[in-house]
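Below is query-v8.txt, holding compact mmCIF, C-alpha atoms.
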# COMPACT_ATOMS: atom_id res chain seq x y z
CA MET A 7 31.66 -125.27 47.98
CA TRP A 8 27.89 -125.45 48.22
CA ARG A 9 26.37 -124.36 51.51
CA ASP A 10 22.66 -124.24 52.19
CA GLU A 11 22.74 -120.65 53.39
CA LEU A 12 23.83 -119.55 49.92
CA TYR A 13 20.38 -120.39 48.64
CA LYS A 14 17.67 -117.79 49.08
CA GLU A 15 14.14 -118.80 48.25
CA PRO A 16 11.84 -116.13 46.81
CA ASP A 17 8.55 -115.61 48.65
CA ALA A 18 6.06 -115.57 45.78
CA GLU A 19 3.17 -114.66 48.07
CA LYS A 20 4.84 -111.37 49.03
CA GLY A 21 5.50 -110.55 45.40
CA GLU A 22 9.11 -111.72 45.31
CA LEU A 23 10.27 -113.54 42.21
CA ARG A 24 13.55 -115.04 41.05
CA VAL A 25 14.61 -113.42 37.80
CA VAL A 26 16.00 -115.66 35.10
CA LEU A 27 17.91 -113.62 32.56
CA GLY A 28 18.09 -115.53 29.35
CA ARG A 29 18.64 -115.47 25.65
CA HIS A 30 15.86 -115.43 23.14
CA ALA A 31 15.52 -117.16 19.78
CA TYR A 32 15.28 -113.77 18.04
CA PHE A 33 17.95 -112.01 20.11
CA THR A 34 20.66 -114.58 20.64
CA GLN A 35 23.11 -111.99 21.98
CA SER A 36 23.08 -108.45 23.33
CA ALA A 37 24.87 -107.05 20.27
CA GLY A 38 21.57 -107.00 18.37
CA VAL A 39 20.26 -104.02 20.34
CA ASN A 40 20.31 -101.62 17.40
CA ASN A 41 19.43 -104.04 14.58
CA TYR A 42 16.34 -102.81 12.75
CA LEU A 43 15.50 -106.21 11.26
CA LEU A 44 15.46 -107.86 14.68
CA LEU A 45 13.58 -104.98 16.27
CA ASP A 46 10.88 -105.45 13.65
CA LEU A 47 10.31 -108.97 14.97
CA MET A 48 10.18 -107.92 18.60
CA ASN A 49 10.61 -104.34 19.72
CA TYR A 50 10.29 -104.66 23.49
CA ASN A 51 11.15 -107.25 26.11
CA TYR A 52 8.37 -107.87 28.57
CA VAL A 53 8.80 -109.43 31.99
CA TRP A 54 7.34 -112.91 31.79
CA VAL A 55 5.32 -113.90 34.86
CA ASN A 56 2.97 -116.78 35.52
CA ASP A 57 -0.57 -115.96 34.46
CA GLU A 58 -2.24 -117.31 37.62
CA TRP A 59 0.20 -115.36 39.79
CA ALA A 60 -0.50 -112.22 37.73
CA ALA A 61 -4.29 -112.66 37.84
CA LYS A 62 -4.15 -112.66 41.67
CA ARG A 63 -2.44 -109.26 41.60
CA GLY A 64 -4.64 -107.87 38.85
CA LEU A 65 -1.82 -107.65 36.32
CA LYS A 66 -2.72 -107.76 32.65
CA PHE A 67 -0.62 -107.82 29.48
CA LYS A 68 1.29 -104.55 28.94
CA ASP A 69 0.54 -103.24 32.46
CA ASP A 70 3.24 -100.94 33.82
CA VAL A 71 5.14 -102.30 36.82
CA ILE A 72 8.22 -101.33 38.82
CA LEU A 73 10.87 -103.95 39.53
CA THR A 74 12.89 -103.49 42.73
CA ASN A 75 16.02 -105.56 43.18
CA ALA A 76 18.07 -106.26 46.32
CA ASP A 77 20.17 -103.12 45.82
CA GLY A 78 17.03 -100.99 45.92
CA LYS A 79 17.17 -100.00 42.27
CA ASN A 80 13.80 -99.32 40.63
CA ILE A 81 13.31 -100.26 36.99
CA LYS A 82 10.24 -99.56 34.89
CA ALA A 83 8.86 -102.52 32.93
CA LYS A 84 5.78 -104.06 31.35
CA VAL A 85 4.44 -107.52 32.13
CA PHE A 86 3.55 -110.47 29.94
CA PRO A 87 1.48 -113.05 31.88
CA THR A 88 1.97 -116.52 30.37
CA LYS A 89 1.63 -120.14 31.36
CA ARG A 90 5.09 -120.92 30.03
CA ILE A 91 6.72 -120.05 33.38
CA ARG A 92 6.64 -121.19 37.04
CA LYS A 93 4.89 -119.21 39.74
CA ASP A 94 8.08 -118.20 41.60
CA THR A 95 10.08 -117.13 38.56
CA ALA A 96 10.16 -114.20 36.16
CA TYR A 97 12.04 -114.06 32.89
CA ILE A 98 13.66 -111.15 31.07
CA ALA A 99 15.17 -111.51 27.59
CA THR A 100 18.61 -110.12 26.83
CA GLY A 101 19.41 -107.55 24.19
CA PHE A 102 17.36 -104.49 25.10
CA GLY A 103 17.56 -101.22 27.00
CA SER A 104 21.03 -100.07 26.08
CA LYS A 105 22.36 -96.97 27.85
CA SER A 106 24.49 -95.79 24.94
CA THR A 107 23.04 -92.64 23.35
CA LEU A 108 24.58 -93.42 19.95
CA LEU A 109 22.47 -96.55 19.54
CA THR A 110 19.52 -94.61 18.21
CA LEU A 111 17.07 -97.49 18.04
CA GLY A 112 18.22 -99.44 21.07
CA GLU A 113 18.67 -96.67 23.62
CA ASN A 114 16.35 -97.11 26.62
CA ASN A 115 14.13 -99.42 24.61
CA GLY A 116 12.99 -102.15 26.97
CA ILE A 117 14.44 -103.54 30.17
CA SER A 118 18.21 -103.63 30.56
CA GLN A 119 19.26 -106.99 32.00
CA ALA A 120 22.47 -105.46 33.41
CA GLU A 121 20.44 -103.05 35.51
CA VAL A 122 18.15 -105.71 36.96
CA CYS A 123 21.00 -108.09 37.79
CA ASP A 124 22.50 -108.17 41.30
CA ASN A 125 26.16 -107.40 41.87
CA SER A 126 27.02 -110.92 43.04
CA ILE A 127 29.85 -112.77 41.33
CA ASP A 128 30.01 -116.43 40.48
CA PRO A 129 32.73 -117.94 42.76
CA ILE A 130 33.84 -120.55 40.23
CA ILE A 131 34.43 -118.60 37.02
CA GLY A 132 34.15 -115.02 38.21
CA SER A 133 31.37 -113.93 35.89
CA ALA A 134 28.21 -112.11 36.90
CA SER A 135 25.77 -114.58 38.36
CA MET A 136 22.75 -113.94 36.22
CA ASN A 137 20.14 -116.13 37.84
CA GLU A 138 20.59 -115.24 41.52
CA THR A 139 18.64 -112.00 41.52
CA ILE A 140 15.41 -111.77 43.46
CA ILE A 141 13.10 -108.89 42.60
CA LYS A 142 9.84 -107.47 43.86
CA ILE A 143 7.14 -106.53 41.38
CA ARG A 144 4.84 -103.61 42.15
CA LYS A 145 1.99 -102.40 40.01
CA VAL A 146 2.05 -98.72 39.10
CA MET B 8 10.79 -126.88 -17.42
CA ALA B 9 11.04 -126.91 -13.70
CA ASN B 10 8.16 -126.98 -11.27
CA TYR B 11 9.35 -125.50 -7.99
CA ALA B 12 8.00 -126.56 -4.62
CA MET B 13 9.01 -126.73 -0.99
CA ALA B 14 8.97 -129.48 1.64
CA LEU B 15 8.84 -128.43 5.28
CA GLU B 16 10.15 -130.55 8.17
CA TYR B 17 7.99 -128.40 10.45
CA GLN B 18 8.66 -130.36 13.65
CA ASN B 19 12.23 -128.97 13.62
CA CYS B 20 11.11 -125.33 13.66
CA ILE B 21 12.29 -123.39 16.73
CA ASP B 22 10.54 -120.09 15.88
CA CYS B 23 13.78 -118.09 15.55
CA ARG B 24 12.30 -116.32 12.49
CA ALA B 25 15.67 -116.16 10.75
CA CYS B 26 13.71 -116.98 7.59
CA GLU B 27 11.64 -113.85 7.98
CA VAL B 28 14.71 -111.66 8.51
CA ALA B 29 16.49 -113.23 5.51
CA CYS B 30 13.41 -112.70 3.37
CA LYS B 31 13.14 -109.03 4.30
CA ASP B 32 16.80 -108.44 3.61
CA GLU B 33 16.88 -110.35 0.32
CA ASN B 34 13.70 -108.96 -1.20
CA GLY B 35 13.45 -105.52 0.41
CA VAL B 36 10.09 -106.20 2.04
CA MET B 37 8.46 -103.30 3.84
CA ILE B 38 9.52 -102.99 7.48
CA GLY B 39 6.70 -102.63 9.98
CA ALA B 40 3.91 -104.05 7.82
CA ASP B 41 1.24 -105.97 9.71
CA LYS B 42 2.01 -109.08 7.66
CA GLN B 43 5.10 -110.45 6.01
CA ARG B 44 5.90 -112.61 3.01
CA ILE B 45 6.66 -115.54 5.28
CA TRP B 46 5.68 -116.21 8.87
CA VAL B 47 5.62 -118.82 11.64
CA GLY B 48 2.23 -119.83 13.00
CA VAL B 49 2.23 -120.49 16.76
CA VAL B 50 -0.27 -122.74 18.56
CA GLU B 51 -0.11 -122.94 22.34
CA GLY B 52 -1.88 -125.68 24.28
CA GLY B 53 -2.14 -127.56 27.57
CA LYS B 54 -3.19 -126.35 30.99
CA THR B 55 -0.43 -127.16 33.47
CA LEU B 56 3.36 -127.01 33.18
CA ALA B 57 3.45 -130.80 32.83
CA ASP B 58 1.30 -131.13 29.69
CA MET B 59 1.73 -127.84 27.89
CA PHE B 60 3.25 -127.46 24.46
CA VAL B 61 3.86 -124.97 21.67
CA ASN B 62 3.63 -125.95 18.03
CA PHE B 63 5.30 -123.98 15.25
CA TYR B 64 4.08 -124.04 11.67
CA PRO B 65 6.39 -122.15 9.29
CA SER B 66 4.45 -120.98 6.26
CA GLN B 67 4.38 -118.72 3.21
CA CYS B 68 2.64 -118.52 -0.17
CA ASN B 69 1.77 -122.03 -1.39
CA HIS B 70 2.27 -121.18 -5.10
CA CYS B 71 -0.80 -123.28 -5.92
CA ILE B 72 -1.06 -124.90 -9.33
CA ASP B 73 -4.72 -123.78 -9.62
CA ALA B 74 -4.18 -120.48 -7.83
CA PRO B 75 -7.46 -118.63 -7.10
CA CYS B 76 -5.60 -115.33 -6.76
CA VAL B 77 -4.57 -115.46 -10.43
CA THR B 78 -8.04 -116.23 -11.78
CA VAL B 79 -9.66 -113.50 -9.70
CA CYS B 80 -7.26 -110.70 -10.71
CA PRO B 81 -9.12 -108.17 -12.92
CA THR B 82 -6.04 -106.51 -14.44
CA GLY B 83 -3.82 -109.54 -14.94
CA ALA B 84 -1.26 -108.31 -12.42
CA SER B 85 -1.18 -111.72 -10.72
CA HIS B 86 0.36 -114.24 -13.08
CA PHE B 87 2.38 -117.44 -13.28
CA VAL B 88 5.98 -117.40 -14.35
CA GLU B 89 8.33 -120.23 -15.33
CA GLY B 90 8.62 -122.83 -12.60
CA GLY B 91 4.99 -122.43 -11.56
CA ILE B 92 5.71 -119.41 -9.39
CA VAL B 93 2.83 -117.01 -8.70
CA LYS B 94 3.97 -113.41 -8.99
CA VAL B 95 2.49 -109.91 -8.92
CA ASP B 96 3.29 -107.27 -11.54
CA TYR B 97 3.58 -104.21 -9.29
CA ASP B 98 2.93 -101.74 -12.12
CA MET B 99 -0.36 -103.37 -13.09
CA CYS B 100 -1.74 -103.86 -9.57
CA ILE B 101 -4.56 -101.47 -8.62
CA ILE B 102 -4.86 -102.72 -4.98
CA CYS B 103 -8.46 -103.93 -5.36
CA LYS B 104 -7.56 -106.60 -2.76
CA GLY B 105 -9.59 -109.27 -4.57
CA CYS B 106 -6.62 -111.62 -4.44
CA MET B 107 -6.25 -111.11 -0.70
CA GLU B 108 -9.87 -112.26 -0.29
CA ALA B 109 -9.46 -115.16 -2.70
CA CYS B 110 -6.29 -116.59 -1.16
CA PRO B 111 -7.24 -119.35 1.33
CA TYR B 112 -3.84 -119.08 3.04
CA GLU B 113 -3.84 -115.29 3.58
CA ALA B 114 -0.42 -115.04 2.02
CA ARG B 115 -0.90 -111.59 0.48
CA PHE B 116 -0.63 -108.12 1.99
CA VAL B 117 -0.44 -104.52 0.83
CA ASP B 118 3.11 -103.23 0.63
CA GLU B 119 2.85 -99.46 0.94
CA THR B 120 6.37 -98.79 -0.30
CA ARG B 121 5.62 -100.55 -3.60
CA HIS B 122 2.00 -99.30 -3.82
CA ALA B 123 0.91 -102.82 -4.71
CA VAL B 124 -0.11 -106.15 -3.22
CA ASP B 125 2.98 -108.16 -2.35
CA LYS B 126 3.63 -111.83 -1.71
CA CYS B 127 6.33 -114.49 -1.61
CA THR B 128 8.04 -114.96 -4.99
CA PHE B 129 10.13 -118.05 -4.08
CA CYS B 130 13.09 -115.62 -4.39
CA ASP B 131 12.67 -115.49 -8.16
CA GLY B 132 16.04 -114.34 -9.50
CA ARG B 133 17.98 -115.76 -6.59
CA ILE B 134 17.07 -119.36 -7.36
CA GLN B 135 18.54 -119.15 -10.87
CA GLU B 136 21.86 -118.13 -9.37
CA TYR B 137 22.07 -120.08 -6.11
CA GLY B 138 19.49 -122.83 -6.57
CA THR B 139 17.63 -122.15 -3.34
CA THR B 140 15.57 -119.47 -1.62
CA ALA B 141 16.85 -117.15 1.10
CA CYS B 142 14.60 -118.69 3.75
CA SER B 143 15.76 -122.27 3.11
CA ALA B 144 19.42 -121.24 2.88
CA THR B 145 19.38 -119.46 6.25
CA CYS B 146 17.34 -121.93 8.31
CA PRO B 147 19.52 -123.20 11.20
CA THR B 148 17.54 -126.43 11.67
CA LYS B 149 17.05 -127.11 7.94
CA VAL B 150 13.26 -127.01 8.01
CA ARG B 151 12.80 -126.03 4.38
CA THR B 152 13.89 -128.04 1.35
CA PHE B 153 13.42 -126.15 -1.89
CA GLY B 154 13.58 -127.83 -5.28
CA ASP B 155 12.08 -129.01 -8.52
CA ILE B 156 9.43 -131.74 -8.11
CA ASP B 157 9.69 -132.76 -11.77
CA ASP B 158 13.37 -133.64 -11.41
CA GLU B 159 13.81 -137.17 -10.03
CA ASN B 160 17.26 -136.49 -8.59
CA SER B 161 16.39 -133.31 -6.68
CA ASP B 162 16.62 -133.13 -2.87
CA ILE B 163 12.93 -132.43 -2.48
CA ARG B 164 11.89 -135.53 -4.44
CA LYS B 165 14.20 -137.71 -2.36
CA ARG B 166 12.70 -136.24 0.77
CA LEU B 167 9.08 -136.63 -0.35
CA GLU B 168 9.42 -140.16 -1.69
CA GLY B 169 10.46 -141.65 1.64
CA ARG B 170 7.93 -139.85 3.81
CA GLU B 171 4.24 -139.21 4.39
CA PHE B 172 3.16 -135.59 4.09
CA PHE B 173 0.10 -133.35 4.07
CA VAL B 174 -0.88 -130.04 2.49
CA LEU B 175 -2.87 -127.15 3.96
CA LYS B 176 -6.59 -126.75 3.22
CA GLU B 177 -6.74 -129.58 0.71
CA ASN B 178 -10.51 -129.27 0.22
CA GLU B 179 -10.05 -125.88 -1.45
CA ASP B 180 -8.72 -127.78 -4.53
CA THR B 181 -5.97 -125.28 -5.14
CA LEU B 182 -3.21 -127.92 -5.33
CA PRO B 183 -0.71 -126.12 -3.09
CA LYS B 184 3.02 -126.74 -3.34
CA LEU B 185 4.10 -126.51 0.30
CA PHE B 186 4.41 -130.08 1.55
CA TYR B 187 4.41 -130.54 5.32
CA LEU B 188 6.29 -133.71 6.23
CA ALA B 189 4.46 -135.70 8.89
CA PRO B 190 6.60 -136.41 11.98
CA GLU B 191 7.63 -140.01 12.42
CA ASP B 192 7.11 -140.00 16.18
CA GLU B 193 3.55 -141.00 17.11
CA GLN B 194 3.21 -138.50 19.98
CA VAL B 195 4.52 -135.53 18.01
CA ARG B 196 2.17 -136.48 15.20
CA LYS B 197 -0.81 -136.51 17.56
CA ARG B 198 0.18 -133.20 19.10
CA THR B 199 0.93 -131.24 15.94
CA MET B 200 -1.64 -132.56 13.47
CA GLY B 201 -5.35 -131.90 13.78
CA GLU B 202 -7.89 -134.66 13.36
CA GLY B 203 -9.03 -135.57 9.88
CA ILE B 204 -5.87 -134.49 8.09
CA LYS B 205 -5.24 -136.65 5.05
CA LEU B 206 -1.75 -138.07 4.70
CA HIS B 207 -0.28 -138.68 1.28
CA THR B 208 2.64 -140.52 -0.19
CA TRP B 209 4.39 -139.32 -3.32
CA ASP B 210 3.21 -142.31 -5.40
CA ASN B 211 -0.51 -141.62 -5.01
CA PHE B 212 -0.05 -137.86 -5.08
CA ALA B 213 2.15 -137.25 -8.13
CA LYS B 214 -0.43 -138.10 -10.78
CA GLN B 215 -2.93 -135.32 -10.09
CA TYR B 216 -0.13 -132.77 -9.77
CA LYS B 217 1.38 -133.77 -13.09
CA GLU B 218 -1.99 -133.58 -14.87
CA ALA B 219 -2.86 -130.21 -13.38
CA THR B 220 0.58 -128.80 -14.15
CA ALA B 221 0.36 -129.94 -17.77
CA LYS B 222 -2.95 -128.08 -18.16
CA ARG B 223 -1.65 -124.89 -16.63
CA ARG B 224 1.80 -124.90 -18.18
CA GLU B 225 0.85 -122.86 -21.25
CA GLU B 226 -0.14 -119.94 -18.97
CA TRP B 227 3.36 -119.70 -17.50
CA LYS B 228 5.09 -116.56 -18.72
CA GLU B 229 8.81 -116.14 -19.14
CA ALA B 230 10.48 -114.89 -16.01
As structure tokens - that is how I would like this structure written.
Amino acid sequence: MWRDELYKEPDAEKGELRVVLGRHAYFTQSAGVNNYLLLDLMNYNYVWVNDEWAAKRGLKFKDDVILTNADGKNIKAKVFPTKRIRKDTAYIATGFGSKSTLLTLGENNGISQAEVCDNSIDPIIGSASMNETIIKIRKV
Amino acid sequence: MANYAMALEYQNCIDCRACEVACKDENGVMIGADKQRIWVGVVEGGKTLADMFVNFYPSQCNHCIDAPCVTVCPTGASHFVEGGIVKVDYDMCIICKGCMEACPYEARFVDETRHAVDKCTFCDGRIQEYGTTACSATCPTKVRTFGDIDDENSDIRKRLEGREFFVLKENEDTLPKLFYLAPEDEQVRKRTMGEGIKLHTWDNFAKQYKEATAKRREEWKEA
């Protein structure tokens, strides 16, 4: 059942953002990690952040940042400031950053959504709750 | 003899670029080139979240009836084949890039694996077998309708006769054969079409295309 304490609000002023992990029109599923035709369209997934929010912190396109999630994991990434997204939200596309060494094109290429995601589980259907993660973004 | 063309319901485009992937796979286009045979133009606008929009304009070679790239070619590598398709003979091309300058739509690029200038061929060879191009067959939202504009019963004629449409860079007098169907919704029309674009209907448009095609038809080589 819904309780108000389940909801955590990100503090955008302190650099906290809610991460929305979503599909992309080019990469509709994570099985396309090693597909050379798809990688030719888009070979890296940037973290989308609001452009006004990024300008305040001096972040430009392709700047290196470190994402820290609630578990304390640090993940390297690059930012893409855009006006397509709200100020308290960041977006990461699926289908990149595989950890399998046999995927020669897809290995460690981009941000792995499974690494960014928190360990919380959806109480209704038992899947990983993809959109609950709150991260901090720090410029390198 | 057929006269191939394409009608684009561009308001349905979702920028998935499945057309581009299908084109590369079907025709063996160079991977990693700075341009491709077909592409999706993206225009972003608006200032706040409430009024912002993104427009997608799928495009490729227009296979113009009076193609400037064919007249400018010094070696005769660029030529017309049956169906009014503009093609490049890769063996005769010397990469002088005159055609790339002449093309108003920037549809040509240098393919380094073929050592020649490459462009869209309307999947010449595939259309004889399957009747449609790879890009129109794969499109999930059915943006592209490929067909013969001389045939009254073809899908493209049925689509064009009921709708208003426009062509790109009409004042260049190249008579292009990519027809962009104007959206029926007034707001979408205002958002996606620039000011001063001339809308046509098939009835007032067909005559000049037929006359120009008849003049050029003797230049068409056998495929």
- Query: Which residues come within 12 Å of Gly52 in chain B, counting only C-alpha atoms, excluding same-chain residues fewer than 6 positions away, as an MDAnalysis selection string?
  - Reply: (chainID A and resid 88:90) or (chainID B and resid 58:63 198:199)
- B:Val77, B:Cys30, B:Val88, B:Ala12 ranked by distance to Glu225 in chain B, top pick (using only C-alpha atoms):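 The shortest atom-to-atom distance to Glu225 in chain B comes from B:Val88.
What chain A places within 12 Å of chain B, counting only C-alpha atoms, is Arg29, His30, Ala31, Tyr32, Phe33, Thr34, Asn41, Tyr42, Leu43, Leu44, Leu45, Asp46, Leu47, Met48, Asn49, Asn56, Asp57, Glu58, Thr88, Lys89, Arg90, Ile91, Arg92 and Lys93 of chain A.
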- Message: Just the number, please: distance in Å from CA of Gln43 in chain B to CA of Ala83 in chain A, one decimal.
- Response: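 These two atoms are separated by 28.3 Å.
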- Message: One decimal, in Å: what's the spacing between CA of Lys82 in chain A and CA of Gly64 in chain A?
- Response: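 Separation of CA of Lys82 in chain A and CA of Gly64 in chain A: 17.5 Å.
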- Within 12 Å of range 118-127 of chain A, counting all atoms listed in the file, which residues qualify if same-chain residues fewer than 6 places away don't, as an MDAnalysis selection string? chainID A and resid 12 24:29 35:36 39 50:53 72:83 96:106 112 133:143
- Interatomic distance between CA of Ala9 in chain B and CA of Ile156 in chain B?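 Going from CA of Ala9 in chain B over to CA of Ile156 in chain B, I get 7.6 Å.
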- For Leu23 in chain A, which of A:Val55, A:Ile131, A:Thr107, A:Gly116 is the closest residue, counting only C-alpha atoms?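 Nearest to Leu23 in chain A: A:Val55.
Of the residues listed (A:Leu108, A:Arg144, A:Asp69, A:Pro129), A:Pro129 shows the shortest atom-to-atom separation from Trp8 in chain A; distances use all atoms listed in the file.
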- Message: List as a ChimeraX atom specification the protein and nucleic acid residues near Arg133 in chain B, meaning an atom at most 12 Å away when only C-alpha atoms are counted, but skip any in the same chain fewer than 2 places from it.
- Response: /B:30,33-34,128-131,135-144
- Message: Neighbouring residues of Gln67 in chain B were defined as those with any atom within 9 Å, considering only C-alpha atoms; residues of the same chain fewer than 6 positions away were excluded. Please report them as a list in words.
- Response: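 Everything that qualifies: Gln43, Arg44, Ile45, Trp46, Val47, Tyr112, Glu113, Ala114, Lys126, Cys127 and Leu185 of chain B.
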Generate a file of the selected residues that holds C-alpha atoms, formatted as a PDB file, in the coordinates of the input.
ATOM      1  CA  GLN B  43       5.100-110.450   6.010  1.00  0.00           C
ATOM      2  CA  ARG B  44       5.900-112.610   3.010  1.00  0.00           C
ATOM      3  CA  ILE B  45       6.660-115.540   5.280  1.00  0.00           C
ATOM      4  CA  TRP B  46       5.680-116.210   8.870  1.00  0.00           C
ATOM      5  CA  VAL B  47       5.620-118.820  11.640  1.00  0.00           C
ATOM      6  CA  TYR B 112      -3.840-119.080   3.040  1.00  0.00           C
ATOM      7  CA  GLU B 113      -3.840-115.290   3.580  1.00  0.00           C
ATOM      8  CA  ALA B 114      -0.420-115.040   2.020  1.00  0.00           C
ATOM      9  CA  LYS B 126       3.630-111.830  -1.710  1.00  0.00           C
ATOM     10  CA  CYS B 127       6.330-114.490  -1.610  1.00  0.00           C
ATOM     11  CA  LEU B 185       4.100-126.510   0.300  1.00  0.00           C
TER      12      LEU B 185
END
- Message: Under the rule that only C-alpha atoms are counted, which of B:Glu218, B:Thr120, B:Ile163, B:Cys76 is the nearest residue to Cys103 in chain B?
- Response: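 So, comparing all the options, the nearest one is B:Cys76.
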- Message: If we count all atoms listed in the file and set the cut-off at 9 Å, which residues sit around Cys106 in chain B, ignoring sequence neighbours fewer than 3 positions away in its own chain? Please answer as a PyMOL selection string.
- Response: chain B and resi 75-80+85+103+109-110+115+124
Same residues, C-alpha atoms, saved as a PDB file, in the coordinates of the input:
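The new file part19.pdb reads:
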ATOM      1  CA  PRO B  75      -7.460-118.630  -7.100  1.00  0.00           C
ATOM      2  CA  CYS B  76      -5.600-115.330  -6.760  1.00  0.00           C
ATOM      3  CA  VAL B  77      -4.570-115.460 -10.430  1.00  0.00           C
ATOM      4  CA  THR B  78      -8.040-116.230 -11.780  1.00  0.00           C
ATOM      5  CA  VAL B  79      -9.660-113.500  -9.700  1.00  0.00           C
ATOM      6  CA  CYS B  80      -7.260-110.700 -10.710  1.00  0.00           C
ATOM      7  CA  SER B  85      -1.180-111.720 -10.720  1.00  0.00           C
ATOM      8  CA  CYS B 103      -8.460-103.930  -5.360  1.00  0.00           C
ATOM      9  CA  ALA B 109      -9.460-115.160  -2.700  1.00  0.00           C
ATOM     10  CA  CYS B 110      -6.290-116.590  -1.160  1.00  0.00           C
ATOM     11  CA  ARG B 115      -0.900-111.590   0.480  1.00  0.00           C
ATOM     12  CA  VAL B 124      -0.110-106.150  -3.220  1.00  0.00           C
TER      13      VAL B 124
END
- Message: The residues within 12 Å of (2.1, -141.0, 5.0), using all atoms listed in the file and the coordinates of the file, should be reported as a ChimeraX atom specification; which are they?
- Response: /B:167-174,186-191,196,204-212
